[in-house]
file my_file.cif (mmCIF, C-alpha atoms and all ligand atoms)
data_structure
#
loop_
_atom_site.label_atom_id
_atom_site.label_comp_id
_atom_site.auth_asym_id
_atom_site.auth_seq_id
_atom_site.Cartn_x
_atom_site.Cartn_y
_atom_site.Cartn_z
CA MET J 8 1.08 21.86 -2.88
CA ARG J 9 4.74 20.76 -2.69
CA ASN J 10 5.80 17.30 -1.72
CA GLN J 11 6.67 16.89 1.91
CA ILE J 12 9.18 14.73 3.79
CA ILE J 13 8.53 13.98 7.47
CA VAL J 14 11.39 12.25 9.27
CA CYS J 15 10.23 10.43 12.41
CA GLU J 16 12.18 9.01 15.32
CA ASN J 17 10.82 5.50 14.96
CA HIS J 18 8.24 3.22 13.37
CA GLN J 19 5.68 4.02 16.06
CA GLU J 20 5.87 7.73 15.32
CA ILE J 21 5.37 7.01 11.59
CA GLY J 22 2.17 5.24 12.59
CA ASP J 23 0.98 8.18 14.70
CA VAL J 24 1.72 10.77 11.99
CA VAL J 25 0.12 8.81 9.16
CA ALA J 26 -2.95 7.72 11.15
CA THR J 27 -3.50 11.39 11.99
CA ILE J 28 -3.32 12.34 8.29
CA PHE J 29 -5.89 9.66 7.40
CA ALA J 30 -8.15 10.51 10.35
CA GLU J 31 -8.10 14.18 9.34
CA SER J 32 -9.14 13.24 5.81
CA THR J 33 -12.43 11.97 7.23
CA THR J 34 -13.03 15.26 9.01
CA THR J 35 -12.70 17.26 5.81
CA LYS J 36 -14.51 14.62 3.72
CA PRO J 37 -16.48 12.03 5.74
CA ASN J 38 -17.16 9.89 2.64
CA CYS J 39 -13.59 9.93 1.42
CA VAL J 40 -11.99 7.00 -0.38
CA TRP J 41 -8.81 5.50 1.04
CA GLY J 42 -6.21 3.39 -0.75
CA LEU J 43 -4.52 1.00 1.68
CA ALA J 44 -1.33 -1.06 1.80
CA THR J 45 -0.24 -4.27 3.47
CA GLY J 46 3.17 -5.33 4.80
CA ALA J 47 4.98 -4.65 8.05
CA SER J 48 5.27 -0.89 7.51
CA PRO J 49 1.56 0.03 7.87
CA ILE J 50 0.87 -2.05 11.00
CA PRO J 51 1.45 0.88 13.44
CA VAL J 52 -0.76 3.09 11.23
CA TYR J 53 -3.62 0.64 11.54
CA LYS J 54 -3.02 0.21 15.27
CA LYS J 55 -3.24 3.97 15.79
CA LEU J 56 -6.40 4.25 13.67
CA CYS J 57 -7.95 1.57 15.92
CA ASP J 58 -6.90 3.60 18.97
CA PHE J 59 -8.58 6.69 17.49
CA TYR J 60 -11.74 4.68 16.87
CA GLU J 61 -11.73 3.26 20.41
CA ALA J 62 -11.39 6.79 21.76
CA GLU J 63 -14.32 7.85 19.55
CA ASP J 64 -12.07 10.19 17.61
CA LEU J 65 -12.60 8.48 14.25
CA ASP J 66 -15.69 7.67 12.23
CA CYS J 67 -15.12 5.58 9.09
CA SER J 68 -18.76 4.66 8.55
CA GLN J 69 -18.83 6.58 5.27
CA VAL J 70 -15.26 5.72 4.19
CA THR J 71 -14.66 3.29 1.31
CA THR J 72 -11.28 1.54 1.02
CA PHE J 73 -9.38 -0.08 -1.82
CA ASN J 74 -6.33 -2.21 -1.19
CA LEU J 75 -3.33 -2.10 -3.46
CA ASP J 76 -2.70 -5.75 -4.07
CA GLU J 77 -3.29 -9.42 -3.32
CA TYR J 78 -1.34 -12.62 -3.91
CA ALA J 79 -2.58 -14.80 -6.76
CA GLY J 80 -4.78 -17.62 -5.51
CA ARG J 81 -5.28 -16.08 -2.08
CA GLY J 82 -8.24 -14.32 -0.53
CA PRO J 83 -10.96 -14.68 2.12
CA GLY J 84 -10.36 -17.64 4.44
CA ASP J 85 -6.66 -17.93 3.63
CA PRO J 86 -4.59 -16.77 6.63
CA ASP J 87 -1.74 -15.78 4.31
CA SER J 88 -3.92 -13.52 2.15
CA TYR J 89 -3.80 -9.75 2.25
CA TYR J 90 -7.59 -9.96 2.70
CA GLU J 91 -7.14 -11.63 6.10
CA PHE J 92 -4.23 -9.33 6.99
CA MET J 93 -6.45 -6.29 6.48
CA HIS J 94 -9.32 -7.82 8.44
CA GLN J 95 -7.02 -8.74 11.31
CA HIS J 96 -5.39 -5.32 11.56
CA LEU J 97 -8.19 -2.96 10.58
CA PHE J 98 -11.46 -4.03 9.00
CA ASP J 99 -12.64 -6.28 11.85
CA LYS J 100 -11.98 -3.50 14.33
CA ILE J 101 -13.39 -0.38 12.66
CA PRO J 102 -16.66 -0.31 10.73
CA PHE J 103 -16.27 1.11 7.20
CA LYS J 104 -18.83 1.76 4.50
CA LYS J 105 -17.16 -0.77 2.23
CA ASN J 106 -13.75 -2.47 1.94
CA TYR J 107 -12.52 -3.65 -1.43
CA LEU J 108 -9.46 -5.77 -2.17
CA PRO J 109 -8.30 -7.01 -5.55
CA ASP J 110 -9.98 -10.38 -6.12
CA ALA J 111 -7.22 -12.87 -6.93
CA LYS J 112 -8.59 -15.89 -5.08
CA HIS J 113 -9.62 -17.86 -8.14
CA SER J 114 -7.03 -16.41 -10.50
CA THR J 115 -3.67 -18.06 -10.83
CA GLU J 116 -2.90 -17.19 -14.45
CA LEU J 117 -1.91 -13.73 -15.65
CA ASP J 118 -4.84 -13.31 -18.05
CA GLU J 119 -7.36 -14.22 -15.31
CA LEU J 120 -5.67 -11.74 -12.98
CA ASN J 121 -5.82 -9.06 -15.67
CA GLU J 122 -9.57 -9.58 -16.13
CA SER J 123 -10.14 -9.31 -12.39
CA GLY J 124 -8.04 -6.13 -12.42
CA ILE J 125 -10.28 -4.54 -15.04
CA ARG J 126 -13.32 -5.23 -12.83
CA TYR J 127 -11.52 -3.72 -9.82
CA ASP J 128 -10.62 -0.53 -11.71
CA ALA J 129 -14.25 -0.16 -12.80
CA ILE J 130 -15.32 -0.13 -9.13
CA ILE J 131 -12.66 2.48 -8.30
CA ASP J 132 -13.87 4.63 -11.20
CA LYS J 133 -17.48 4.24 -10.10
CA VAL J 134 -16.79 5.71 -6.64
CA GLY J 135 -14.88 8.60 -8.24
CA GLY J 136 -11.27 7.56 -7.62
CA ILE J 137 -9.06 7.51 -4.54
CA ASP J 138 -8.71 10.55 -2.31
CA ILE J 139 -5.74 9.47 -0.22
CA MET J 140 -3.48 6.52 -0.89
CA LEU J 141 -1.13 4.81 1.58
CA VAL J 142 1.83 3.03 0.01
CA GLY J 143 4.87 1.21 1.33
CA ILE J 144 8.01 0.63 -0.69
CA GLY J 145 9.95 -2.52 -1.52
CA THR J 146 13.73 -2.70 -1.12
CA ASN J 147 13.89 -2.67 -4.95
CA GLY J 148 11.73 0.48 -5.13
CA HIS J 149 8.48 -1.32 -5.89
CA ILE J 150 5.15 0.22 -5.00
CA ALA J 151 2.26 -2.19 -4.37
CA PHE J 152 3.51 -5.09 -6.52
CA ASN J 153 4.72 -2.91 -9.39
CA GLU J 154 8.17 -4.36 -9.83
CA PRO J 155 11.07 -2.56 -11.58
CA SER J 156 10.32 -2.61 -15.30
CA ASP J 157 10.98 -0.92 -18.64
CA ILE J 158 7.38 0.24 -18.86
CA ILE J 159 4.98 2.14 -16.60
CA SER J 160 2.06 -0.04 -15.54
CA LYS J 161 -1.44 1.34 -16.04
CA GLY J 162 -4.41 -0.17 -14.22
CA THR J 163 -4.80 -3.14 -11.89
CA GLN J 164 -3.16 -6.16 -13.46
CA GLY J 165 -1.47 -9.49 -12.95
CA VAL J 166 2.23 -9.25 -12.12
CA ILE J 167 5.15 -11.63 -11.78
CA LEU J 168 6.97 -11.09 -8.49
CA THR J 169 10.75 -10.77 -8.49
CA GLU J 170 12.94 -13.15 -6.50
CA GLN J 171 13.97 -10.12 -4.40
CA THR J 172 10.37 -9.34 -3.41
CA ARG J 173 9.54 -12.98 -2.72
CA HIS J 174 12.72 -13.27 -0.64
CA ASP J 175 11.95 -10.05 1.32
CA ASN J 176 8.35 -11.05 2.02
CA ALA J 177 9.38 -14.62 2.94
CA LEU J 178 11.77 -13.23 5.57
CA LYS J 179 9.10 -10.98 7.06
CA PHE J 180 6.10 -13.27 7.03
CA TYR J 181 7.08 -16.88 6.24
CA ASP J 182 10.24 -17.65 8.29
CA GLY J 183 12.34 -17.21 5.16
CA ASN J 184 10.49 -19.88 3.18
CA ILE J 185 10.39 -18.38 -0.33
CA ASP J 186 8.17 -21.24 -1.56
CA ALA J 187 5.40 -19.88 0.66
CA VAL J 188 5.33 -16.66 -1.40
CA PRO J 189 3.29 -16.95 -4.62
CA LYS J 190 5.01 -16.13 -7.90
CA TYR J 191 2.13 -14.02 -9.19
CA ALA J 192 -0.02 -11.27 -7.71
CA LEU J 193 -2.73 -8.80 -8.66
CA SER J 194 -1.64 -5.20 -8.20
CA MET J 195 -2.96 -1.73 -8.78
CA GLY J 196 -0.85 -0.15 -11.56
CA MET J 197 1.37 2.90 -11.20
CA MET J 198 -0.96 5.04 -13.31
CA SER J 199 -3.91 4.22 -11.02
CA ILE J 200 -1.81 5.04 -7.97
CA LEU J 201 -0.68 8.34 -9.50
CA GLN J 202 -4.31 9.28 -10.13
CA SER J 203 -4.99 9.45 -6.37
CA ASN J 204 -5.45 12.98 -5.06
CA LYS J 205 -2.88 12.51 -2.32
CA ILE J 206 -0.26 9.81 -1.71
CA VAL J 207 1.44 9.00 1.60
CA LEU J 208 4.53 6.79 1.38
CA ILE J 209 5.89 5.15 4.52
CA ALA J 210 9.24 3.45 5.08
CA ASN J 211 11.28 2.42 8.08
CA GLY J 212 14.60 0.72 8.65
CA PRO J 213 17.97 0.71 6.88
CA ALA J 214 16.92 -1.86 4.23
CA LYS J 215 14.72 0.85 2.68
CA ALA J 216 17.39 3.59 2.60
CA LEU J 217 18.55 3.10 -1.00
CA ALA J 218 14.99 2.77 -2.30
CA ILE J 219 14.03 6.00 -0.51
CA ARG J 220 17.00 7.88 -1.95
CA ASN J 221 16.17 6.64 -5.46
CA ALA J 222 12.48 7.45 -4.97
CA LEU J 223 13.12 11.01 -3.82
CA TYR J 224 16.23 12.02 -5.76
CA GLY J 225 16.91 9.41 -8.44
CA PRO J 226 15.95 9.59 -12.09
CA ILE J 227 12.22 9.22 -12.79
CA THR J 228 12.02 5.75 -14.27
CA PRO J 229 9.84 2.61 -14.04
CA LYS J 230 13.09 0.81 -13.18
CA CYS J 231 12.42 2.33 -9.73
CA PRO J 232 8.59 2.53 -9.62
CA ALA J 233 8.65 4.73 -6.49
CA SER J 234 10.58 7.41 -8.43
CA LEU J 235 7.40 7.96 -10.50
CA LEU J 236 5.90 9.58 -7.41
CA GLN J 237 8.12 12.60 -8.23
CA LEU J 238 5.57 13.29 -10.99
CA HIS J 239 2.73 13.67 -8.48
CA PRO J 240 1.97 17.10 -6.96
CA ASN J 241 0.91 15.91 -3.51
CA VAL J 242 3.04 13.17 -1.96
CA THR J 243 4.09 13.00 1.68
CA PHE J 244 7.01 10.72 2.55
CA VAL J 245 6.88 9.65 6.21
CA VAL J 246 10.11 7.83 7.03
CA ASP J 247 12.36 7.09 9.98
CA GLU J 248 15.99 8.20 10.32
CA ALA J 249 17.34 4.87 9.07
CA ALA J 250 15.24 4.90 5.90
CA TYR J 251 16.26 8.54 5.31
CA SER J 252 19.95 7.97 6.09
CA LEU J 253 21.24 7.97 2.46
CA CYS J 254 19.39 11.21 1.65
CA LYS J 255 21.66 13.42 3.75
C1 LIG J 301 4.95 -5.94 -0.32
C2 LIG J 301 3.66 -5.20 -0.66
C3 LIG J 301 3.90 -3.74 -0.81
C4 LIG J 301 4.68 -3.24 0.37
C5 LIG J 301 6.04 -3.87 0.38
C6 LIG J 301 6.89 -3.44 1.55
O1 LIG J 301 5.62 -6.42 -1.42
N1 LIG J 301 3.04 -5.69 -1.83
O2 LIG J 301 2.65 -3.06 -0.92
O3 LIG J 301 4.82 -1.84 0.30
O4 LIG J 301 5.88 -5.27 0.46
O5 LIG J 301 6.49 -4.18 2.64
P1 LIG J 301 6.94 -3.92 4.13
O6 LIG J 301 6.08 -2.81 4.62
O7 LIG J 301 6.61 -5.21 4.83
O8 LIG J 301 8.38 -3.60 4.11
#

call {"tool": "encode", "arguments": {"input": "my_file.cif", "output": "structure tokens"}}
result
Amino acid sequence: MRNQIIVCENHQEIGDVVATIFAESTTTKPNCVWGLATGASPIPVYKKLCDFYEAEDLDCSQVTTFNLDEYAGRGPGDPDSYYEFMHQHLFDKIPFKKNYLPDAKHSTELDELNESGIRYDAIIDKVGGIDIMLVGIGTNGHIAFNEPSDIISKGTQGVILTEQTRHDNALKFYDGNIDAVPKYALSMGMMSILQSNKIVLIANGPAKALAIRNALYGPITPKCPASLLQLHPNVTFVVDEAAYSLCK
């Protein structure tokens, strides 16, 4: 299968298209395994999946999910954790078989995060890997929390966030207060992400335009982690006009 690019009119349409892809995956494989992302980009996807469920058009009772990442020191009970984000937008609204997130709550040092990452990868292996993976993209081309680097990351591991990422996420979720964004996180590695059967990347808005151009048409390099998706045989980019604007 060749990689696909779907250009949507707006963020809402991205949500509709991607929710439909994920819903269809449960029709072909009711016990499929989803990889899920956080951030502003996937919110309309999760909203649409909830609509499908309300309309009795979606059954996730046999679906297992694995999230991409979590901030170091955050987790259940912390309103700023990705755990609570996922529960608010999806997991408290649709019953799943099981929802996993990287466990970073009690890990603030890189070696503790790495150990937790090894345990997370073992669970992913045990269920047979990820069938369909949803990813966003950072303005610097990061995927999950795999920041631009000289090396390709392997499994789930502790990472140091760049100032750019902390700045971007502070603007979106913490009124610009960069001190509210942890310096470390636990993130699925690029190799784990590339082992998924199918990957769906979403992006909206002009701030993502350069990252999308580099991801689709730039050199394949860990300096732009999203460009590594060019190595995968089944990736669908679902973007709006603004995010696609530098590709024309
Ligand atoms: C964060 C997340 C990524 C996400 C990216 C883009 O750094 N760790 O998984 O893709 O931000 O987020 P947004 O969708 O809010 O632009």

call {"tool": "closest_atom_pairs", "arguments": {"input": "my_file.cif", "of": "chain J", "to": "ligand LIG 301 (chain J)", "cutoff": "8 Å", "atoms": "all atoms listed in the file", "output": "tab-separated table"}}
result
residue	atom	partner	partner_atom	distance
J:Ala44	CA	J:LIG301	O2	5.2
J:Thr45	CA	J:LIG301	O2	5.4
J:Gly46	CA	J:LIG301	O7	3.4
J:Ala47	CA	J:LIG301	O7	3.7
J:Ser48	CA	J:LIG301	O6	3.6
J:Pro49	CA	J:LIG301	O6	6.2
J:Leu75	CA	J:LIG301	O2	6.6
J:Asp76	CA	J:LIG301	N1	6.2
J:Glu77	CA	J:LIG301	N1	7.5
J:Val142	CA	J:LIG301	O3	5.7
J:Gly143	CA	J:LIG301	O3	3.2
J:Ile144	CA	J:LIG301	O3	4.2
J:Gly145	CA	J:LIG301	C6	4.4
J:Thr146	CA	J:LIG301	C6	7.4
J:His149	CA	J:LIG301	C5	7.2
J:Ile150	CA	J:LIG301	O3	5.7
J:Ala151	CA	J:LIG301	O2	3.6
J:Phe152	CA	J:LIG301	N1	4.8
J:Thr172	CA	J:LIG301	O1	5.9
J:Arg173	CA	J:LIG301	O1	7.8
J:Asp175	CA	J:LIG301	O4	7.8
J:Asn176	CA	J:LIG301	O1	6.4
J:Lys179	CA	J:LIG301	O7	6.7
J:Ser194	CA	J:LIG301	N1	7.9
J:Ile209	CA	J:LIG301	O6	8.0
J:Ala210	CA	J:LIG301	O6	7.0
J:Asn211	CA	J:LIG301	O8	7.8
J:Lys215	CA	J:LIG301	O8	7.9

call {"tool": "residues_around", "arguments": {"input": "my_file.cif", "residues": "Tyr90 of chain J", "least_positions_apart": "5", "cutoff": "12 Å", "atoms": "all atoms listed in the file", "output": "list in words"}}
result
Leu43, Ala44, Thr45, Gly46, Phe73, Asn74, Leu75, Asp76, Glu77, Tyr78, Ala79, Gly80, Arg81, Gly82, Pro83, Gly84, Asp85, Gln95, His96, Leu97, Phe98, Asp99, Asn106, Tyr107, Leu108, Pro109, Asp110, Ala111 and Lys112 of chain J

call {"tool": "atom_distance", "arguments": {"input": "my_file.cif", "atom1": "atom CA of Ile200 of chain J", "atom2": "atom CA of Lys105 of chain J"}}
result
19.3 Å

call {"tool": "residues_around", "arguments": {"input": "my_file.cif", "residues": "Gly136 of chain J", "least_positions_apart": "4", "cutoff": "7 Å", "atoms": "all atoms listed in the file", "output": "PyMOL selection string"}}
result
chain J and resi 131-132+203

call {"tool": "closest_residue", "arguments": {"input": "my_file.cif", "among": "J:Ile185, J:Ile167, J:Ile159, J:Leu253", "to": "Ala216 of chain J", "atoms": "all atoms listed in the file"}}
result
J:Leu253

call {"tool": "closest_residue", "arguments": {"input": "my_file.cif", "among": "J:Thr34, J:Asn241, J:Asn184, J:Asn204", "to": "Asn10 of chain J", "atoms": "all atoms listed in the file"}}
result
J:Asn241

call {"tool": "build_atoms", "arguments": {"input": "my_file.cif", "residues": "segment 167-202 of chain J", "atoms": "N, CA and C atoms", "output": "short mmCIF file (atom, residue, chain, number, x, y, z; two decimals), in the frame of the given file"}}
result
data_model
loop_
_atom_site.label_atom_id
_atom_site.label_comp_id
_atom_site.auth_asym_id
_atom_site.auth_seq_id
_atom_site.Cartn_x
_atom_site.Cartn_y
_atom_site.Cartn_z
N ILE J 167 4.24 -10.56 -12.19
CA ILE J 167 5.15 -11.63 -11.78
C ILE J 167 6.09 -11.03 -10.73
N LEU J 168 6.13 -11.64 -9.56
CA LEU J 168 6.97 -11.09 -8.49
C LEU J 168 8.44 -11.44 -8.72
N THR J 169 9.31 -10.51 -8.37
CA THR J 169 10.75 -10.77 -8.49
C THR J 169 11.21 -11.68 -7.34
N GLU J 170 12.34 -12.32 -7.56
CA GLU J 170 12.94 -13.15 -6.50
C GLU J 170 13.22 -12.28 -5.27
N GLN J 171 13.65 -11.04 -5.51
CA GLN J 171 13.97 -10.12 -4.40
C GLN J 171 12.74 -9.89 -3.51
N THR J 172 11.60 -9.60 -4.16
CA THR J 172 10.37 -9.34 -3.41
C THR J 172 9.91 -10.59 -2.68
N ARG J 173 9.98 -11.74 -3.36
CA ARG J 173 9.54 -12.98 -2.72
C ARG J 173 10.46 -13.31 -1.54
N HIS J 174 11.74 -13.05 -1.72
CA HIS J 174 12.72 -13.27 -0.64
C HIS J 174 12.41 -12.33 0.55
N ASP J 175 12.23 -11.03 0.25
CA ASP J 175 11.95 -10.05 1.32
C ASP J 175 10.69 -10.43 2.10
N ASN J 176 9.63 -10.77 1.36
CA ASN J 176 8.35 -11.05 2.02
C ASN J 176 8.40 -12.40 2.76
N ALA J 177 9.21 -13.34 2.24
CA ALA J 177 9.38 -14.62 2.94
C ALA J 177 10.06 -14.38 4.29
N LEU J 178 11.06 -13.50 4.31
CA LEU J 178 11.77 -13.23 5.57
C LEU J 178 10.84 -12.60 6.59
N LYS J 179 9.96 -11.71 6.11
CA LYS J 179 9.10 -10.98 7.06
C LYS J 179 7.93 -11.80 7.55
N PHE J 180 7.37 -12.63 6.67
CA PHE J 180 6.10 -13.27 7.03
C PHE J 180 6.10 -14.80 6.99
N TYR J 181 7.13 -15.42 6.41
CA TYR J 181 7.08 -16.88 6.24
C TYR J 181 8.37 -17.56 6.70
N ASP J 182 9.01 -17.04 7.74
CA ASP J 182 10.24 -17.65 8.29
C ASP J 182 11.27 -17.93 7.21
N GLY J 183 11.32 -17.07 6.20
CA GLY J 183 12.34 -17.21 5.16
C GLY J 183 12.02 -18.22 4.08
N ASN J 184 10.84 -18.85 4.16
CA ASN J 184 10.49 -19.88 3.18
C ASN J 184 9.93 -19.25 1.90
N ILE J 185 10.79 -19.08 0.91
CA ILE J 185 10.39 -18.38 -0.33
C ILE J 185 9.28 -19.14 -1.06
N ASP J 186 9.21 -20.47 -0.88
CA ASP J 186 8.17 -21.24 -1.56
C ASP J 186 6.77 -20.91 -1.05
N ALA J 187 6.71 -20.27 0.12
CA ALA J 187 5.40 -19.88 0.66
C ALA J 187 4.88 -18.59 0.02
N VAL J 188 5.73 -17.93 -0.76
CA VAL J 188 5.33 -16.66 -1.40
C VAL J 188 4.96 -16.95 -2.85
N PRO J 189 3.69 -16.68 -3.24
CA PRO J 189 3.29 -16.95 -4.62
C PRO J 189 4.19 -16.23 -5.63
N LYS J 190 4.19 -16.75 -6.86
CA LYS J 190 5.01 -16.13 -7.90
C LYS J 190 4.27 -15.00 -8.60
N TYR J 191 2.94 -15.04 -8.53
CA TYR J 191 2.13 -14.02 -9.19
C TYR J 191 1.32 -13.25 -8.15
N ALA J 192 0.87 -12.06 -8.56
CA ALA J 192 -0.02 -11.27 -7.71
C ALA J 192 -0.89 -10.39 -8.59
N LEU J 193 -1.87 -9.77 -7.96
CA LEU J 193 -2.73 -8.80 -8.66
C LEU J 193 -2.47 -7.46 -7.99
N SER J 194 -2.08 -6.48 -8.78
CA SER J 194 -1.64 -5.20 -8.20
C SER J 194 -2.22 -4.01 -8.94
N MET J 195 -2.62 -3.01 -8.17
CA MET J 195 -2.96 -1.73 -8.78
C MET J 195 -1.75 -1.26 -9.59
N GLY J 196 -1.96 -0.63 -10.74
CA GLY J 196 -0.85 -0.15 -11.56
C GLY J 196 -0.37 1.22 -11.11
N MET J 197 0.81 1.61 -11.59
CA MET J 197 1.37 2.90 -11.20
C MET J 197 0.49 4.06 -11.65
N MET J 198 -0.13 3.93 -12.84
CA MET J 198 -0.96 5.04 -13.31
C MET J 198 -2.17 5.22 -12.40
N SER J 199 -2.77 4.12 -11.96
CA SER J 199 -3.91 4.22 -11.02
C SER J 199 -3.46 4.89 -9.73
N ILE J 200 -2.30 4.47 -9.24
CA ILE J 200 -1.81 5.04 -7.97
C ILE J 200 -1.57 6.54 -8.14
N LEU J 201 -0.99 6.91 -9.27
CA LEU J 201 -0.68 8.34 -9.50
C LEU J 201 -1.94 9.18 -9.72
N GLN J 202 -3.07 8.52 -9.96
CA GLN J 202 -4.31 9.28 -10.13
C GLN J 202 -4.98 9.61 -8.80
#
